[in-house]
Amino acid sequence: MKTSDSQPYQAAGRVFLVGAGPGDPELLTLRAVRLLQRADVVVYDNLVPIQIMDFVPPSAERIYAGKRRNEHTMRQEQINTLLIKLASEGKQVVRLKGGDPFIFGRGGEELQALAAHGVAFEVIPGVTAASGVSSYSGIPLTHRDYAQSCVFVTGHLKNGTADLDWPCMVRPNQTVVIYMGLGGLAEICRELVLHGAPATRPVAVVQEGSLATQKVVTGTLADIAERVSHAKLKSPCLTIVGEVVNLHHELAWFNPQTACQEPRLAVV
Ligand code: SAH
């Protein structure tokens, strides 16, 4: 087995931490596809699109590691132990994660466990949800007229409240991308206004970006939570806050109806 024509696989096991992108299988990297085709075992998460698993040969073992919010099929420590075990059996292990493994993907934690046990690993980046959603919704994350910087934050609420750097998030001429922010959307918008953002600041919430099920709901900090609830959006959703959201109406190009109609991210 080879990783490329010039670089043979090592006899020892190895873990390839691979980003699967936001959903559209066409957004996989060539390296990801090659590794999937040659894997002995693939350990994959909930946000990995079904079609991507078609690249895995029938002879390879597939292990579902779950990871829906509040519904972890395997605990993080169990996943770490599994990866170490598989690699120490000499297997070529693909650890497949949605988006990019190093952006809200716990990839760093998994690699630290591997490093501590002397397991060899490589990281293959993926298109993170921010990039995928931005492209497929026609919302550039930066634009010389509207945003000179962009921040990625998690909106995952701990103890019912998002512990975020609100003063940083309300700055003008900046785009804020919120991962995992659907559940806490109303509270996040309220806090942003309380910390000085204009209630008229544009917001987009994009469900299942890059897939046939993509939906884009736009509004403002004042009304987006209500619009999203009315549209019955479901996870995964990405929230984009900033003036760049206004470009959606001009730049939207992706027509979900003409996209691949296969089922999407939910794997089991
Ligand atoms: N490592 C991943 C992020 C995992 S956190 C990445 O780089 O993209 C999971 C969150 O990512 C979801 O709650 C959602 O906010 C976002 N997300 C992932 N895929 C998405 C998609 N196709 N459309 C919208 N949001 C998505």
# chains A, B, ... in the order shown; residues from 1 in each chain; ligands from 1

call {"tool": "residues_near_ligand", "arguments": {"ligand": "ligand 1", "cutoff": "8 Å", "atoms": "only C-alpha atoms and all ligand atoms", "output": "PyMOL selection string"}}
result
chain A and resi 19+21-23+47+97-106+126-130+132-133+154+178-182+206-211+214+235-239+265

call {"tool": "select_by_dssp", "arguments": {"residues": "segment 136-240 of chain A", "states": "helix (DSSP H, G or I)", "output": "PDB file with N, CA, C and O atoms, in the first residue's frame"}}
result
ATOM      1  N   TYR A 136     -20.842  28.664  -0.516  1.00  0.00           N
ATOM      2  CA  TYR A 136     -22.096  28.135  -1.069  1.00  0.00           C
ATOM      3  C   TYR A 136     -23.303  29.018  -0.761  1.00  0.00           C
ATOM      4  O   TYR A 136     -24.395  28.770  -1.268  1.00  0.00           O
ATOM      5  N   SER A 137     -23.107  30.024   0.098  1.00  0.00           N
ATOM      6  CA  SER A 137     -24.224  30.947   0.335  1.00  0.00           C
ATOM      7  C   SER A 137     -23.944  32.308  -0.305  1.00  0.00           C
ATOM      8  O   SER A 137     -24.762  33.222  -0.197  1.00  0.00           O
ATOM      9  N   TRP A 166     -17.512  39.069  24.223  1.00  0.00           N
ATOM     10  CA  TRP A 166     -18.511  39.910  23.552  1.00  0.00           C
ATOM     11  C   TRP A 166     -17.929  41.219  23.006  1.00  0.00           C
ATOM     12  O   TRP A 166     -18.230  41.594  21.866  1.00  0.00           O
ATOM     13  N   PRO A 167     -17.077  41.943  23.783  1.00  0.00           N
ATOM     14  CA  PRO A 167     -16.533  43.199  23.240  1.00  0.00           C
ATOM     15  C   PRO A 167     -15.786  42.978  21.930  1.00  0.00           C
ATOM     16  O   PRO A 167     -15.852  43.814  21.019  1.00  0.00           O
ATOM     17  N   CYS A 168     -15.104  41.849  21.805  1.00  0.00           N
ATOM     18  CA  CYS A 168     -14.392  41.552  20.549  1.00  0.00           C
ATOM     19  C   CYS A 168     -15.398  41.283  19.430  1.00  0.00           C
ATOM     20  O   CYS A 168     -15.223  41.715  18.290  1.00  0.00           O
ATOM     21  N   MET A 169     -16.479  40.600  19.784  1.00  0.00           N
ATOM     22  CA  MET A 169     -17.425  40.162  18.746  1.00  0.00           C
ATOM     23  C   MET A 169     -18.278  41.293  18.165  1.00  0.00           C
ATOM     24  O   MET A 169     -18.872  41.127  17.103  1.00  0.00           O
ATOM     25  N   LEU A 185     -28.941  30.801  19.724  1.00  0.00           N
ATOM     26  CA  LEU A 185     -28.979  31.951  18.813  1.00  0.00           C
ATOM     27  C   LEU A 185     -29.625  33.193  19.433  1.00  0.00           C
ATOM     28  O   LEU A 185     -29.078  34.291  19.373  1.00  0.00           O
ATOM     29  N   ALA A 186     -30.789  33.013  20.054  1.00  0.00           N
ATOM     30  CA  ALA A 186     -31.515  34.166  20.607  1.00  0.00           C
ATOM     31  C   ALA A 186     -30.659  34.859  21.668  1.00  0.00           C
ATOM     32  O   ALA A 186     -30.525  36.085  21.685  1.00  0.00           O
ATOM     33  N   GLU A 187     -30.051  34.030  22.534  1.00  0.00           N
ATOM     34  CA  GLU A 187     -29.245  34.623  23.607  1.00  0.00           C
ATOM     35  C   GLU A 187     -27.998  35.320  23.041  1.00  0.00           C
ATOM     36  O   GLU A 187     -27.610  36.406  23.486  1.00  0.00           O
ATOM     37  N   ILE A 188     -27.387  34.705  22.044  1.00  0.00           N
ATOM     38  CA  ILE A 188     -26.177  35.299  21.456  1.00  0.00           C
ATOM     39  C   ILE A 188     -26.511  36.665  20.844  1.00  0.00           C
ATOM     40  O   ILE A 188     -25.803  37.653  21.057  1.00  0.00           O
ATOM     41  N   CYS A 189     -27.619  36.737  20.095  1.00  0.00           N
ATOM     42  CA  CYS A 189     -28.005  38.011  19.470  1.00  0.00           C
ATOM     43  C   CYS A 189     -28.299  39.062  20.543  1.00  0.00           C
ATOM     44  O   CYS A 189     -27.904  40.230  20.418  1.00  0.00           O
ATOM     45  N   ARG A 190     -28.983  38.627  21.598  1.00  0.00           N
ATOM     46  CA  ARG A 190     -29.309  39.564  22.688  1.00  0.00           C
ATOM     47  C   ARG A 190     -28.024  40.123  23.289  1.00  0.00           C
ATOM     48  O   ARG A 190     -27.882  41.326  23.508  1.00  0.00           O
ATOM     49  N   GLU A 191     -27.065  39.246  23.569  1.00  0.00           N
ATOM     50  CA  GLU A 191     -25.803  39.681  24.189  1.00  0.00           C
ATOM     51  C   GLU A 191     -25.033  40.631  23.269  1.00  0.00           C
ATOM     52  O   GLU A 191     -24.442  41.604  23.727  1.00  0.00           O
ATOM     53  N   LEU A 192     -25.046  40.341  21.972  1.00  0.00           N
ATOM     54  CA  LEU A 192     -24.305  41.206  21.044  1.00  0.00           C
ATOM     55  C   LEU A 192     -24.885  42.624  21.072  1.00  0.00           C
ATOM     56  O   LEU A 192     -24.137  43.614  21.096  1.00  0.00           O
ATOM     57  N   VAL A 193     -26.208  42.718  21.106  1.00  0.00           N
ATOM     58  CA  VAL A 193     -26.837  44.045  21.144  1.00  0.00           C
ATOM     59  C   VAL A 193     -26.548  44.710  22.493  1.00  0.00           C
ATOM     60  O   VAL A 193     -26.209  45.904  22.556  1.00  0.00           O
ATOM     61  N   LEU A 194     -26.631  43.931  23.568  1.00  0.00           N
ATOM     62  CA  LEU A 194     -26.332  44.483  24.895  1.00  0.00           C
ATOM     63  C   LEU A 194     -24.906  45.025  24.966  1.00  0.00           C
ATOM     64  O   LEU A 194     -24.637  45.997  25.670  1.00  0.00           O
ATOM     65  N   ILE A 224     -33.388  37.698  13.718  1.00  0.00           N
ATOM     66  CA  ILE A 224     -32.955  36.440  13.090  1.00  0.00           C
ATOM     67  C   ILE A 224     -33.438  35.213  13.873  1.00  0.00           C
ATOM     68  O   ILE A 224     -33.826  34.198  13.277  1.00  0.00           O
ATOM     69  N   ALA A 225     -33.462  35.311  15.207  1.00  0.00           N
ATOM     70  CA  ALA A 225     -33.850  34.127  15.996  1.00  0.00           C
ATOM     71  C   ALA A 225     -35.287  33.729  15.651  1.00  0.00           C
ATOM     72  O   ALA A 225     -35.594  32.549  15.462  1.00  0.00           O
ATOM     73  N   GLU A 226     -36.133  34.720  15.526  1.00  0.00           N
ATOM     74  CA  GLU A 226     -37.537  34.442  15.201  1.00  0.00           C
ATOM     75  C   GLU A 226     -37.655  33.882  13.768  1.00  0.00           C
ATOM     76  O   GLU A 226     -38.392  32.934  13.524  1.00  0.00           O
ATOM     77  N   ARG A 227     -36.925  34.449  12.856  1.00  0.00           N
ATOM     78  CA  ARG A 227     -36.965  33.968  11.454  1.00  0.00           C
ATOM     79  C   ARG A 227     -36.474  32.523  11.346  1.00  0.00           C
ATOM     80  O   ARG A 227     -37.016  31.731  10.591  1.00  0.00           O
ATOM     81  N   VAL A 228     -35.425  32.227  12.091  1.00  0.00           N
ATOM     82  CA  VAL A 228     -34.861  30.875  12.049  1.00  0.00           C
ATOM     83  C   VAL A 228     -35.840  29.871  12.653  1.00  0.00           C
ATOM     84  O   VAL A 228     -36.033  28.773  12.131  1.00  0.00           O
ATOM     85  N   SER A 229     -36.472  30.285  13.716  1.00  0.00           N
ATOM     86  CA  SER A 229     -37.445  29.380  14.341  1.00  0.00           C
ATOM     87  C   SER A 229     -38.643  29.177  13.410  1.00  0.00           C
ATOM     88  O   SER A 229     -39.139  28.063  13.239  1.00  0.00           O
ATOM     89  N   HIS A 230     -39.051  30.223  12.731  1.00  0.00           N
ATOM     90  CA  HIS A 230     -40.156  30.141  11.781  1.00  0.00           C
ATOM     91  C   HIS A 230     -39.794  29.216  10.611  1.00  0.00           C
ATOM     92  O   HIS A 230     -40.615  28.432  10.133  1.00  0.00           O
ATOM     93  N   ALA A 231     -38.537  29.294  10.169  1.00  0.00           N
ATOM     94  CA  ALA A 231     -38.083  28.468   9.031  1.00  0.00           C
ATOM     95  C   ALA A 231     -37.767  27.032   9.464  1.00  0.00           C
ATOM     96  O   ALA A 231     -37.428  26.202   8.621  1.00  0.00           O
TER      97      ALA A 231
END

call {"tool": "select_by_dssp", "arguments": {"residues": "segment 109-213 of chain A", "states": "strand (DSSP E)", "output": "list in words"}}
result
Ala120, Phe121, Glu122, Val123, Ile124, Ser149, Cys150, Val151, Phe152, Val153, Thr154, Gln174, Thr175, Val176, Val177, Ile178, Tyr179, Pro202, Val203, Ala204, Val205, Val206 and Gln207 of chain A

call {"tool": "atom_distance", "arguments": {"atom1": "atom CA of Thr213 of chain A", "atom2": "atom CA of Tyr146 of chain A"}}
result
28.7 Å

call {"tool": "residues_around", "arguments": {"residues": "Pro25 of chain A", "least_positions_apart": "5", "cutoff": "9 Å", "atoms": "only C-alpha atoms", "output": "list in words"}}
result
Ala20, Pro49, Ile50, Gln51 and Ile52 of chain A
